[in-house]
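Structure file my_file.txt (compact mmCIF, C-alpha atoms and all ligand atoms) is printed below.
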```txt
# COMPACT_ATOMS: atom_id res chain seq x y z
CA MET Q 1 0.00 0.00 0.00
CA THR Q 2 1.32 3.47 -0.85
CA ASP Q 3 2.72 5.28 2.16
CA PRO Q 4 2.36 9.02 1.58
CA LEU Q 5 5.15 9.72 4.02
CA ALA Q 6 7.64 7.46 2.32
CA ASP Q 7 7.10 8.36 -1.34
CA ALA Q 8 9.14 11.37 -2.41
CA ASP Q 9 6.81 12.25 -5.30
CA VAL Q 10 3.84 12.76 -2.94
CA HIS Q 11 3.41 16.47 -2.22
CA ARG Q 12 3.22 17.23 1.51
CA VAL Q 13 3.25 20.28 3.74
CA LEU Q 14 2.75 18.63 7.13
CA ASP Q 15 4.68 15.78 8.69
CA ALA Q 16 2.90 12.87 10.36
CA ASP Q 17 2.41 14.90 13.55
CA GLY Q 18 1.19 18.07 11.92
CA HIS Q 19 4.41 20.12 11.98
CA VAL Q 20 5.29 22.04 8.81
CA LEU Q 21 8.03 20.18 6.96
CA PRO Q 22 11.33 21.99 6.34
CA ASP Q 23 11.16 23.87 3.00
CA ALA Q 24 7.39 23.28 2.70
CA GLU Q 25 5.23 26.24 1.77
CA VAL Q 26 2.00 26.86 3.68
CA PRO Q 27 -0.66 28.05 1.20
CA ASP Q 28 -1.34 31.75 1.37
CA LEU Q 29 -4.78 31.62 2.99
CA SER Q 30 -6.34 33.87 5.61
CA ASP Q 31 -6.46 32.63 9.21
CA GLU Q 32 -10.22 32.49 8.87
CA THR Q 33 -10.10 30.18 5.84
CA LEU Q 34 -7.50 27.96 7.49
CA VAL Q 35 -9.80 27.55 10.50
CA ASP Q 36 -12.82 27.04 8.20
CA VAL Q 37 -11.05 24.07 6.62
CA TYR Q 38 -10.68 22.55 10.10
CA ARG Q 39 -14.31 23.30 10.92
CA ASP Q 40 -15.51 21.66 7.69
CA MET Q 41 -13.41 18.57 8.39
CA ARG Q 42 -14.89 18.31 11.90
CA VAL Q 43 -18.44 18.69 10.52
CA THR Q 44 -17.71 15.98 7.94
CA ARG Q 45 -16.43 13.58 10.61
CA ARG Q 46 -19.45 14.30 12.82
CA PHE Q 47 -21.78 13.76 9.86
CA ASP Q 48 -20.14 10.38 9.31
CA GLU Q 49 -20.69 9.34 12.93
CA ARG Q 50 -24.34 10.37 12.86
CA ALA Q 51 -25.01 8.80 9.46
CA VAL Q 52 -23.56 5.45 10.56
CA SER Q 53 -25.69 5.59 13.70
CA LEU Q 54 -28.82 6.49 11.67
CA GLN Q 55 -28.13 3.47 9.50
CA ARG Q 56 -27.89 1.27 12.62
CA GLN Q 57 -31.29 2.63 13.67
CA GLY Q 58 -32.79 1.68 10.31
CA ARG Q 59 -33.28 5.30 9.22
CA ILE Q 60 -30.72 5.10 6.40
CA GLY Q 61 -30.51 2.13 4.03
CA THR Q 62 -26.75 2.12 3.61
CA TYR Q 63 -24.01 4.72 3.91
CA ALA Q 64 -20.41 5.07 2.68
CA PRO Q 65 -18.23 6.43 5.53
CA SER Q 66 -15.51 8.94 4.66
CA ALA Q 67 -13.51 9.00 7.92
CA GLY Q 68 -9.84 9.46 7.03
CA GLN Q 69 -10.65 11.14 3.72
CA GLU Q 70 -11.99 14.49 4.96
CA ALA Q 71 -8.92 16.59 4.21
CA SER Q 72 -8.83 15.96 0.46
CA ALA Q 73 -12.57 16.45 -0.10
CA VAL Q 74 -12.76 19.59 2.04
CA ALA Q 75 -9.51 21.31 1.04
CA SER Q 76 -9.91 20.60 -2.68
CA THR Q 77 -13.37 22.20 -2.60
CA HIS Q 78 -11.98 25.26 -0.81
CA ALA Q 79 -9.60 25.59 -3.77
CA LEU Q 80 -12.59 26.11 -6.11
CA ALA Q 81 -14.67 29.23 -6.67
CA ASP Q 82 -18.34 28.93 -5.63
CA ARG Q 83 -19.38 28.95 -9.27
CA ASP Q 84 -17.24 25.90 -10.04
CA TYR Q 85 -18.96 22.53 -10.17
CA VAL Q 86 -18.30 19.48 -8.03
CA SER Q 87 -19.17 16.07 -9.45
CA TYR Q 88 -18.43 13.25 -7.06
CA GLN Q 89 -18.71 9.53 -6.55
CA TYR Q 90 -20.43 8.83 -3.20
CA ARG Q 91 -17.82 9.15 -0.47
CA GLU Q 92 -16.58 12.74 -0.78
CA HIS Q 93 -19.05 14.16 1.75
CA GLY Q 94 -16.57 16.87 2.70
CA ALA Q 95 -17.21 18.62 -0.61
CA VAL Q 96 -20.91 18.79 0.23
CA VAL Q 97 -20.12 20.20 3.69
CA VAL Q 98 -18.02 23.00 2.15
CA ARG Q 99 -20.96 23.89 -0.08
CA ASP Q 100 -23.20 23.99 3.01
CA LEU Q 101 -25.66 21.42 1.69
CA LEU Q 102 -25.95 18.88 4.52
CA SER Q 103 -29.65 19.46 5.13
CA GLU Q 104 -30.30 18.81 1.44
CA TYR Q 105 -27.88 15.90 1.28
CA LEU Q 106 -28.98 13.79 4.23
CA PRO Q 107 -32.53 13.30 2.87
CA TYR Q 108 -30.96 11.64 -0.17
CA TRP Q 109 -29.24 9.06 2.04
CA MET Q 110 -32.56 8.59 3.83
CA GLY Q 111 -34.16 7.67 0.52
CA HIS Q 112 -35.63 10.98 -0.67
CA GLU Q 113 -34.72 11.92 -4.21
CA SER Q 114 -35.49 15.57 -3.42
CA GLY Q 115 -32.20 15.60 -1.47
CA ASN Q 116 -30.16 14.75 -4.52
CA ALA Q 117 -32.00 17.19 -6.79
CA ALA Q 118 -31.49 20.15 -4.41
CA MET Q 119 -27.71 19.86 -4.51
CA VAL Q 120 -27.50 21.57 -7.87
CA GLU Q 121 -28.29 24.85 -6.06
CA GLY Q 122 -24.76 24.64 -4.67
CA ASN Q 123 -23.26 23.56 -8.01
CA VAL Q 124 -22.89 20.00 -6.80
CA VAL Q 125 -23.96 17.36 -9.30
CA PRO Q 126 -26.11 14.56 -7.79
CA LEU Q 127 -24.08 11.73 -6.38
CA ASN Q 128 -23.27 8.73 -8.39
CA ILE Q 129 -23.31 5.07 -7.40
CA GLY Q 130 -22.37 3.61 -10.79
CA VAL Q 131 -18.59 3.65 -10.36
CA GLY Q 132 -16.92 6.06 -12.79
CA SER Q 133 -20.04 6.63 -14.87
CA HIS Q 134 -20.19 10.31 -13.91
CA ILE Q 135 -16.74 11.04 -15.37
CA PRO Q 136 -17.87 11.56 -19.01
CA HIS Q 137 -20.74 13.76 -17.76
CA ALA Q 138 -18.36 15.86 -15.67
CA VAL Q 139 -16.10 16.27 -18.70
CA GLY Q 140 -19.13 17.27 -20.78
CA LEU Q 141 -20.04 19.87 -18.19
CA ALA Q 142 -16.51 21.29 -18.35
CA TRP Q 143 -16.51 21.24 -22.15
CA ALA Q 144 -19.86 23.06 -22.18
CA ALA Q 145 -18.33 25.78 -19.97
CA SER Q 146 -15.45 26.29 -22.37
CA LEU Q 147 -17.75 26.30 -25.42
CA ARG Q 148 -19.91 28.92 -23.72
CA GLY Q 149 -16.77 30.91 -23.00
CA ASP Q 150 -17.28 31.15 -19.25
CA ASP Q 151 -14.45 30.27 -16.93
CA THR Q 152 -16.14 27.64 -14.78
CA VAL Q 153 -14.00 24.71 -13.63
CA VAL Q 154 -15.39 21.23 -12.88
CA ALA Q 155 -13.83 19.12 -10.12
CA CYS Q 156 -14.64 15.46 -10.68
CA HIS Q 157 -14.03 13.06 -7.78
CA PHE Q 158 -13.74 9.29 -7.99
CA GLY Q 159 -11.90 6.40 -6.38
CA ASP Q 160 -8.92 4.28 -7.33
CA GLY Q 161 -11.37 1.56 -8.41
CA ALA Q 162 -13.04 3.92 -10.88
CA THR Q 163 -9.81 4.11 -12.90
CA SER Q 164 -10.47 0.57 -14.15
CA GLU Q 165 -13.72 1.64 -15.82
CA GLY Q 166 -13.92 2.50 -19.52
CA ASP Q 167 -15.67 5.73 -18.54
CA PHE Q 168 -12.47 6.90 -16.84
CA HIS Q 169 -10.46 6.37 -20.00
CA GLU Q 170 -13.06 7.94 -22.29
CA GLY Q 171 -13.55 10.93 -20.02
CA LEU Q 172 -9.87 11.71 -19.48
CA ASN Q 173 -8.97 11.11 -23.10
CA PHE Q 174 -11.68 13.53 -24.21
CA ALA Q 175 -10.54 16.07 -21.61
CA GLY Q 176 -6.97 15.90 -22.90
CA VAL Q 177 -7.95 16.22 -26.57
CA PHE Q 178 -10.46 19.04 -26.06
CA ASP Q 179 -8.64 20.84 -23.23
CA THR Q 180 -11.61 20.87 -20.91
CA PRO Q 181 -11.34 22.89 -17.68
CA SER Q 182 -11.36 19.72 -15.56
CA VAL Q 183 -9.69 18.82 -12.29
CA PHE Q 184 -9.81 15.05 -11.80
CA CYS Q 185 -9.58 14.10 -8.14
CA CYS Q 186 -8.71 10.42 -7.77
CA HIS Q 187 -9.05 9.36 -4.13
CA ASN Q 188 -6.65 6.50 -3.78
CA ASN Q 189 -7.84 5.15 -0.44
CA GLY Q 190 -6.09 1.84 -0.96
CA TRP Q 191 -9.21 -0.19 -1.66
CA ALA Q 192 -12.11 -0.68 -4.03
CA ILE Q 193 -14.29 -2.59 -1.57
CA SER Q 194 -12.00 -5.64 -1.03
CA ILE Q 195 -9.69 -5.11 -4.05
CA PRO Q 196 -6.40 -3.56 -2.93
CA GLU Q 197 -4.72 -0.79 -4.87
CA GLY Q 198 -1.98 -3.19 -6.06
CA GLU Q 199 -4.51 -5.40 -7.82
CA GLN Q 200 -6.37 -2.49 -9.38
CA THR Q 201 -3.62 -1.42 -11.76
CA ALA Q 202 -0.20 -2.43 -13.03
CA SER Q 203 0.83 1.24 -13.18
CA ASP Q 204 3.16 2.42 -10.42
CA THR Q 205 0.80 5.25 -9.54
CA PHE Q 206 -2.68 6.42 -10.50
CA ALA Q 207 -1.37 9.91 -11.28
CA GLU Q 208 0.93 8.63 -14.01
CA LYS Q 209 -2.08 7.52 -16.05
CA ALA Q 210 -2.42 11.22 -16.98
CA VAL Q 211 0.65 10.87 -19.21
CA ALA Q 212 -1.38 8.71 -21.60
CA TYR Q 213 -3.97 11.47 -21.93
CA GLY Q 214 -1.43 14.22 -22.53
CA PHE Q 215 -1.76 16.21 -19.33
CA ASP Q 216 -0.19 16.46 -15.89
CA GLY Q 217 -0.72 14.05 -13.05
CA MET Q 218 0.18 14.97 -9.48
CA ARG Q 219 0.34 13.00 -6.25
CA VAL Q 220 -0.47 14.52 -2.92
CA ASP Q 221 -0.93 13.41 0.68
CA GLY Q 222 -4.73 13.42 0.82
CA MET Q 223 -4.61 13.38 4.63
CA ASP Q 224 -2.80 16.73 4.65
CA PRO Q 225 -5.31 19.52 3.93
CA LEU Q 226 -2.62 22.13 3.23
CA ALA Q 227 -0.93 19.98 0.58
CA SER Q 228 -4.32 18.96 -0.86
CA TYR Q 229 -5.32 22.62 -1.11
CA ALA Q 230 -2.06 23.69 -2.74
CA VAL Q 231 -2.09 20.98 -5.39
CA THR Q 232 -5.76 21.47 -6.23
CA ARG Q 233 -5.31 25.23 -6.40
CA GLU Q 234 -2.56 24.80 -8.97
CA ALA Q 235 -4.77 22.44 -11.00
CA VAL Q 236 -7.72 24.86 -10.80
CA GLU Q 237 -5.54 27.70 -12.06
CA ARG Q 238 -4.37 25.56 -14.97
CA ALA Q 239 -7.99 24.67 -15.78
CA ARG Q 240 -9.15 28.29 -15.59
CA ASN Q 241 -6.29 29.54 -17.65
CA SER Q 242 -8.48 31.37 -20.15
CA ASP Q 243 -6.96 34.80 -20.72
CA SER Q 244 -6.03 35.45 -24.31
CA ASP Q 245 -2.25 35.29 -23.80
CA ALA Q 246 -2.40 31.97 -22.01
CA GLU Q 247 -2.21 28.64 -23.75
CA GLY Q 248 -5.79 27.95 -22.62
CA PRO Q 249 -7.29 25.60 -20.09
CA ARG Q 250 -5.62 22.28 -19.35
CA PRO Q 251 -6.96 19.41 -17.27
CA THR Q 252 -5.02 17.78 -14.41
CA LEU Q 253 -5.29 14.41 -12.68
CA ILE Q 254 -4.62 14.54 -8.94
CA GLU Q 255 -4.05 11.36 -6.98
CA PHE Q 256 -4.88 11.91 -3.32
CA VAL Q 257 -3.03 9.25 -1.35
CA GLU Q 258 -5.18 8.48 1.66
CA TYR Q 259 -7.00 5.72 3.51
CA ARG Q 260 -10.54 4.86 4.47
CA PHE Q 261 -10.62 4.08 8.19
CA GLY Q 262 -14.04 2.49 8.22
CA ALA Q 263 -15.96 -0.05 6.16
CA HIS Q 264 -16.59 0.41 2.44
CA THR Q 265 -20.24 0.93 3.35
CA THR Q 266 -22.33 -0.02 6.34
CA ALA Q 267 -23.02 -3.28 4.46
CA ASP Q 268 -19.31 -4.26 4.44
CA ASP Q 269 -17.01 -6.00 6.94
CA PRO Q 270 -13.42 -4.90 6.20
CA GLY Q 271 -12.06 -7.27 8.88
CA VAL Q 272 -12.49 -10.03 6.30
CA TYR Q 273 -9.97 -8.59 3.83
CA ARG Q 274 -7.62 -6.20 5.62
CA ASP Q 275 -5.30 -6.23 8.53
CA GLU Q 276 -6.13 -3.98 11.50
CA SER Q 277 -2.46 -3.13 12.08
CA THR Q 278 -2.35 -1.45 8.64
CA VAL Q 279 -5.43 0.55 9.56
CA ASP Q 280 -3.72 1.64 12.79
CA HIS Q 281 -0.74 2.89 10.81
CA TRP Q 282 -3.04 5.13 8.78
CA ARG Q 283 -5.01 6.23 11.82
CA ASP Q 284 -1.78 7.80 13.04
CA LEU Q 285 -2.08 10.13 10.03
CA ASP Q 286 -5.68 11.10 10.88
CA PRO Q 287 -6.08 14.46 9.14
CA ILE Q 288 -8.09 16.05 11.95
CA PRO Q 289 -5.66 15.91 14.92
CA ARG Q 290 -2.77 16.40 12.51
CA TYR Q 291 -4.18 19.63 11.14
CA GLU Q 292 -5.31 20.71 14.61
CA THR Q 293 -1.68 20.51 15.74
CA PHE Q 294 -0.69 22.83 12.89
CA LEU Q 295 -3.42 25.33 13.80
CA ARG Q 296 -2.50 25.25 17.49
CA GLU Q 297 1.23 25.56 16.89
CA THR Q 298 0.77 28.55 14.61
CA GLY Q 299 -1.55 30.23 17.12
CA ARG Q 300 -4.67 30.02 14.99
CA ILE Q 301 -6.73 27.99 17.41
CA ASP Q 302 -6.73 27.13 21.12
CA ASP Q 303 -8.73 24.84 23.44
CA GLU Q 304 -11.65 27.21 23.43
CA GLY Q 305 -11.69 27.45 19.63
CA VAL Q 306 -11.52 23.69 19.25
CA GLN Q 307 -14.42 23.25 21.69
CA ALA Q 308 -16.51 25.90 19.90
CA ILE Q 309 -15.97 24.11 16.58
CA ALA Q 310 -16.83 20.72 18.09
CA ASP Q 311 -20.08 22.22 19.44
CA GLU Q 312 -20.82 23.82 16.09
CA ALA Q 313 -20.23 20.52 14.27
CA ASP Q 314 -22.72 18.82 16.61
CA GLU Q 315 -25.28 21.56 15.99
CA VAL Q 316 -24.91 21.67 12.20
CA VAL Q 317 -25.29 17.91 11.91
CA ALA Q 318 -28.17 17.77 14.45
CA GLU Q 319 -29.99 20.39 12.40
CA ALA Q 320 -29.49 18.41 9.18
CA VAL Q 321 -30.91 15.33 10.94
CA ASP Q 322 -33.93 17.34 12.13
CA VAL Q 323 -34.58 18.77 8.67
CA ALA Q 324 -34.17 15.37 7.00
CA SER Q 325 -36.53 13.75 9.52
CA GLU Q 326 -39.28 16.17 8.51
CA VAL Q 327 -39.15 15.37 4.78
CA ASP Q 328 -42.35 13.69 3.61
CA ALA Q 329 -41.90 10.50 1.64
CA ASP Q 330 -43.24 10.75 -1.89
CA PRO Q 331 -42.65 7.52 -3.81
CA ALA Q 332 -43.45 9.19 -7.15
CA GLU Q 333 -40.33 11.33 -6.66
CA MET Q 334 -38.18 8.45 -7.81
CA PHE Q 335 -39.38 9.16 -11.34
CA ALA Q 336 -38.84 12.91 -11.15
CA ASP Q 337 -35.27 13.73 -12.02
CA ALA Q 338 -33.70 11.05 -14.20
CA TYR Q 339 -35.40 12.07 -17.47
CA ALA Q 340 -36.70 15.40 -18.77
CA ASP Q 341 -39.42 13.39 -20.61
CA LEU Q 342 -40.22 9.99 -19.22
CA PRO Q 343 -39.81 7.11 -21.70
CA PRO Q 344 -43.10 5.18 -22.22
CA GLU Q 345 -42.19 2.17 -20.05
CA VAL Q 346 -41.07 4.33 -17.13
CA ARG Q 347 -44.17 6.51 -17.54
CA ARG Q 348 -46.31 3.36 -17.38
CA GLN Q 349 -44.59 2.32 -14.14
CA ARG Q 350 -45.11 5.74 -12.58
CA ASP Q 351 -48.79 5.85 -13.59
CA GLU Q 352 -49.30 2.37 -12.18
CA LEU Q 353 -47.74 3.46 -8.87
CA LEU Q 354 -49.93 6.56 -8.72
CA ARG Q 355 -53.05 4.43 -9.42
CA GLN Q 356 -52.11 2.09 -6.57
CA VAL Q 357 -51.53 5.01 -4.18
CA GLU Q 358 -54.93 6.42 -5.22
CA ALA Q 359 -56.64 3.06 -4.67
CA PHE Q 360 -54.97 2.00 -1.40
CA GLY Q 361 -53.72 5.26 0.13
CA ASP Q 362 -50.22 6.42 1.11
CA ASP Q 363 -50.16 4.28 4.23
CA ALA Q 364 -50.15 1.08 2.23
CA PHE Q 365 -46.70 2.10 0.94
CA LEU Q 366 -45.13 3.14 4.22
CA ARG Q 367 -43.26 0.76 6.43
CA GLU Q 368 -44.45 0.46 10.03
CA GLU Q 369 -41.92 2.27 12.26
C1 LIG Q 401 -20.13 0.19 -12.63
C2 LIG Q 401 -20.11 -0.36 -11.24
N1 LIG Q 401 -19.48 -1.53 -11.00
C3 LIG Q 401 -19.45 -2.04 -9.74
C4 LIG Q 401 -20.09 -1.40 -8.71
C5 LIG Q 401 -20.02 -1.96 -7.31
N2 LIG Q 401 -19.13 -1.10 -6.52
C6 LIG Q 401 -19.61 -0.15 -5.70
S1 LIG Q 401 -18.39 0.72 -4.98
C7 LIG Q 401 -17.19 -0.19 -5.73
C8 LIG Q 401 -15.73 0.09 -5.47
C9 LIG Q 401 -15.29 1.42 -5.96
O1 LIG Q 401 -14.00 1.68 -5.47
P1 LIG Q 401 -13.32 3.08 -5.61
O2 LIG Q 401 -13.59 3.68 -6.94
O3 LIG Q 401 -11.91 2.92 -5.20
O4 LIG Q 401 -14.10 4.01 -4.54
P2 LIG Q 401 -14.17 3.88 -2.95
O5 LIG Q 401 -15.37 3.04 -2.63
O6 LIG Q 401 -12.92 3.26 -2.47
O7 LIG Q 401 -14.36 5.27 -2.44
C10 LIG Q 401 -17.77 -1.16 -6.54
C11 LIG Q 401 -16.98 -2.15 -7.33
C12 LIG Q 401 -20.77 -0.20 -9.02
N3 LIG Q 401 -21.40 0.52 -8.06
N4 LIG Q 401 -20.76 0.31 -10.26
MG MG Q 402 -11.00 3.26 -3.34
```

Target format structure tokens, applied to this file:
Amino acid sequence: MTDPLADADVHRVLDADGHVLPDAEVPDLSDETLVDVYRDMRVTRRFDERAVSLQRQGRIGTYAPSAGQEASAVASTHALADRDYVSYQYREHGAVVVRDLLSEYLPYWMGHESGNAAMVEGNVVPLNIGVGSHIPHAVGLAWAASLRGDDTVVACHFGDGATSEGDFHEGLNFAGVFDTPSVFCCHNNGWAISIPEGEQTASDTFAEKAVAYGFDGMRVDGMDPLASYAVTREAVERARNSDSDAEGPRPTLIEFVEYRFGAHTTADDPGVYRDESTVDHWRDLDPIPRYETFLRETGRIDDEGVQAIADEADEVVAEAVDVASEVDADPAEMFADAYADLPPEVRRQRDELLRQVEAFGDDAFLREE
């Protein structure tokens, strides 16, 4: 398994304990933004804890925990402008937290399609369970921006496993040929369910796959928010490079080297395929205490600040749970957003459902709590 601390080509700012490495450059961000990154990571971790517990209570069907991967999702989204789009797989909850969409997002995980549809308000494309299948769409979105002549960038997140899909190849090839303003964020968390990184590819790294598409690939410690921010920022600038003297936008592939601490989803038992001692090694790189050390040592946060952020994370997530709990179930919603015009067979299914609801009432379709 890749060790971000051992590989010289992995960009880092912080050491394992959160001290700035000699010669490393801390990104030029305000104190407020640096603390916001920490706050968003804490909210993401808290969201994870609550979502797993909601699943245990039967209020969520299944959930994909992101613990360990907060830094890359949060910091890379801070490197975007608000108008830039985020298209993600299903585990990069930190991006949704940065866009302040938790109350919209949680209903999706609780089975309400309205949750997914609302995300577009924050320029977040609905999440995607078909591994890699969003990549061509995200490239299309970026291409559309450049054809329109606006300077919007699209960050497209996916896992190491997604790189084995044809959609990955088609999307990145197209991006390279048509110079789309794309930032590809590959979260190499070591596993695609039970398939380890080493069995996913014969390439030495995921980043080097960019060479085949004619653009740059970069590797970064995805458990170091400062390094993740810096590398994404550089990629965003390259993608937005649209002034007339510049060579024009270029895509970038970023490999975030990181680890998922928990199960693949709440339906998975990682104890069957991985060794706990490896997990412990990665837990020592936990992005939250590591980054907290940096903020404390540089005088940006103290005990009181940490406590206030912990309380805020509890409140933000509790509010999202309250809002999501109030959403009324509407089974017909599942037909609402996939097609602009329903194909005849899907229309028939929806009409049949509506007839049944009419005949037997809503209650016949609700599970006893
Ligand atoms: C096209 C497709 N094939 C298989 C699956 C089943 N599946 C769900 S998640 C997953 C692993 C994906 O791994 P990776 O891209 O590394 O993302 P991670 O779960 O590690 O975040 C697979 C094979 C799927 N959802 N879609
Ligand atoms: Mg993976």

Using all atoms listed in the file, which protein or nucleic acid residues are at most 10 Å from ligand MG 402 (chain Q), as a ChimeraX atom specification? /Q:91,158-163,186-197,200,258-260,264

Same residues, C-alpha atoms, output as a tab-separated table (two decimals), keeping the file's coordinate frame:
```
chain	number	residue	atom	x	y	z
Q	91	ARG	CA	-17.82	9.15	-0.47
Q	158	PHE	CA	-13.74	9.29	-7.99
Q	159	GLY	CA	-11.90	6.40	-6.38
Q	160	ASP	CA	-8.92	4.28	-7.33
Q	161	GLY	CA	-11.37	1.56	-8.41
Q	162	ALA	CA	-13.04	3.92	-10.88
Q	163	THR	CA	-9.81	4.11	-12.90
Q	186	CYS	CA	-8.71	10.42	-7.77
Q	187	HIS	CA	-9.05	9.36	-4.13
Q	188	ASN	CA	-6.65	6.50	-3.78
Q	189	ASN	CA	-7.84	5.15	-0.44
Q	190	GLY	CA	-6.09	1.84	-0.96
Q	191	TRP	CA	-9.21	-0.19	-1.66
Q	192	ALA	CA	-12.11	-0.68	-4.03
Q	193	ILE	CA	-14.29	-2.59	-1.57
Q	194	SER	CA	-12.00	-5.64	-1.03
Q	195	ILE	CA	-9.69	-5.11	-4.05
Q	196	PRO	CA	-6.40	-3.56	-2.93
Q	197	GLU	CA	-4.72	-0.79	-4.87
Q	200	GLN	CA	-6.37	-2.49	-9.38
Q	258	GLU	CA	-5.18	8.48	1.66
Q	259	TYR	CA	-7.00	5.72	3.51
Q	260	ARG	CA	-10.54	4.86	4.47
Q	264	HIS	CA	-16.59	0.41	2.44
```

Return the padded bounding box of ligand LIG 401 (chain Q) as lines of an AutoDock Vina configuration file: axis-aligned, built from all atoms listed in the file, 4 Å added on each side, with centre and edge lengths in Å to one decimal.
```
center_x = -16.7
center_y = 1.6
center_z = -7.5
size_x = 17.5
size_y = 15.4
size_z = 18.2
```

Residue among Q:Gly61, Q:Gly248, Q:Gly122, Q:Gly176 lying closest to Q:Arg83, counting all atoms listed in the file: Q:Gly122

Go through stretch 295-346 of chain Q and flag each residue having an atom no more than 9 Å from stretch 97-114 of chain Q; for those, report the closest pair of atoms plus their distance in Å to one decimal, using all atoms listed in the file, ordered by chain and rising number, as JSON lines.
```
{"residue": "Q:Val316", "atom": "CA", "partner": "Q:Leu102", "partner_atom": "CA", "distance": 8.2}
{"residue": "Q:Val317", "atom": "CA", "partner": "Q:Leu102", "partner_atom": "CA", "distance": 7.5}
{"residue": "Q:Glu319", "atom": "CA", "partner": "Q:Ser103", "partner_atom": "CA", "distance": 7.3}
{"residue": "Q:Ala320", "atom": "CA", "partner": "Q:Ser103", "partner_atom": "CA", "distance": 4.2}
{"residue": "Q:Val321", "atom": "CA", "partner": "Q:Leu106", "partner_atom": "CA", "distance": 7.1}
{"residue": "Q:Asp322", "atom": "CA", "partner": "Q:Ser103", "partner_atom": "CA", "distance": 8.5}
{"residue": "Q:Val323", "atom": "CA", "partner": "Q:Ser103", "partner_atom": "CA", "distance": 6.1}
{"residue": "Q:Ala324", "atom": "CA", "partner": "Q:Pro107", "partner_atom": "CA", "distance": 4.9}
{"residue": "Q:Ser325", "atom": "CA", "partner": "Q:Pro107", "partner_atom": "CA", "distance": 7.8}
{"residue": "Q:Val327", "atom": "CA", "partner": "Q:Pro107", "partner_atom": "CA", "distance": 7.2}
{"residue": "Q:Asp328", "atom": "CA", "partner": "Q:His112", "partner_atom": "CA", "distance": 8.4}
{"residue": "Q:Ala329", "atom": "CA", "partner": "Q:His112", "partner_atom": "CA", "distance": 6.7}
{"residue": "Q:Asp330", "atom": "CA", "partner": "Q:His112", "partner_atom": "CA", "distance": 7.7}
{"residue": "Q:Pro331", "atom": "CA", "partner": "Q:His112", "partner_atom": "CA", "distance": 8.4}
{"residue": "Q:Glu333", "atom": "CA", "partner": "Q:Glu113", "partner_atom": "CA", "distance": 6.2}
{"residue": "Q:Met334", "atom": "CA", "partner": "Q:Glu113", "partner_atom": "CA", "distance": 6.1}
{"residue": "Q:Phe335", "atom": "CA", "partner": "Q:Glu113", "partner_atom": "CA", "distance": 9.0}
{"residue": "Q:Ala336", "atom": "CA", "partner": "Q:Glu113", "partner_atom": "CA", "distance": 8.1}
{"residue": "Q:Asp337", "atom": "CA", "partner": "Q:Glu113", "partner_atom": "CA", "distance": 8.0}
```

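Between ligand LIG 401 (chain Q) and the residues Q:Leu141, Q:Ile129, Q:Ala210, Q:Val52, the shortest atom-to-atom distance, using only C-alpha atoms and all ligand atoms, involves Q:Ile129.
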
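Distance-wise, atom CA of Q:Arg42 and atom CA of Q:Ala310 end up 6.9 Å apart.
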
Kindly give the distance, in Å, that separates atom CA of Q:Gly130 and atom CA of Q:Leu80, rounded to a single decimal. 25.0 Å

Tell me, in Å to one decimal, how far atom C12 of ligand LIG 401 (chain Q) is from atom CA of Q:Ala338.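 One can read the atom C12 of ligand LIG 401 (chain Q) to atom CA of Q:Ala338 distance as 17.9 Å.
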
Counting all atoms listed in the file, what is within 12 Å of Q:Val306, bar same-chain residues fewer than 3 positions away, as an MDAnalysis selection string? chainID Q and resid 35:36 38:39 42 288:289 291:293 295:296 300:303 309:313

Q:Gln57 environment, 12 Å, all atoms listed in the file, sequence neighbours closer than 5 positions dropped, as a PyMOL selection string: chain Q and resi 50-52+62+110+266+369

For the selection just defined, write its residues with C-alpha atoms to a file, as a compact mmCIF listing (two decimals), keeping the file's coordinate frame.
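What ended up in out.txt:
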```
# COMPACT_ATOMS: atom_id res chain seq x y z
CA ARG Q 50 -24.34 10.37 12.86
CA ALA Q 51 -25.01 8.80 9.46
CA VAL Q 52 -23.56 5.45 10.56
CA THR Q 62 -26.75 2.12 3.61
CA MET Q 110 -32.56 8.59 3.83
CA THR Q 266 -22.33 -0.02 6.34
CA GLU Q 369 -41.92 2.27 12.26
```

Under the rule that only C-alpha atoms are counted, which of Q:Asp204, Q:Glu247, Q:Glu234, Q:Glu297 is the nearest residue to Q:Ala79?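 Answer, going by the shortest atom-to-atom distance: Q:Glu234.
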
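Shortest atom-to-atom contact with Q:Ala73 among Q:Leu172, Q:Ala202, Q:Met223, Q:Ala138: Q:Met223, counting only C-alpha atoms.
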
Show me, as a list in words, the residues that have an atom within 7 Å of Q:Pro181 when counting all atoms listed in the file, minus same-chain residues fewer than 3 positions from it.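 Skipping anything fewer than 3 positions along the chain leaves Ala142, Val153, Val154, Ala239, Arg240, Pro249, Arg250 and Pro251 of chain Q.
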
Q:Phe178, Q:Phe168, Q:Trp143, Q:Phe47: which is nearest ligand LIG 401 (chain Q), counting all atoms listed in the file?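 Among Q:Phe178, Q:Phe168, Q:Trp143, Q:Phe47, it is Q:Phe168 that comes nearest to ligand LIG 401 (chain Q).
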
Measuring between all atoms listed in the file, which one of Q:Ser164, Q:Ser76, Q:Thr205, Q:Thr180 shows the shortest distance to ligand LIG 401 (chain Q)?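 Looking only at the distances to ligand LIG 401 (chain Q), the closest residue turns out to be Q:Ser164.
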
Contacts of stretch 352-359 of chain Q at 10 Å or less, counting all atoms listed in the file, minus same-chain residues fewer than 6 places along, as a PyMOL selection string? chain Q and resi 331-332+346+365

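The shell of residues at most 12 Å from Q:Ala8, with only C-alpha atoms counted and near chain neighbours (fewer than 6 positions) removed, consists of Q:Thr2, Q:Met218, Q:Arg219, Q:Val220, Q:Asp221.
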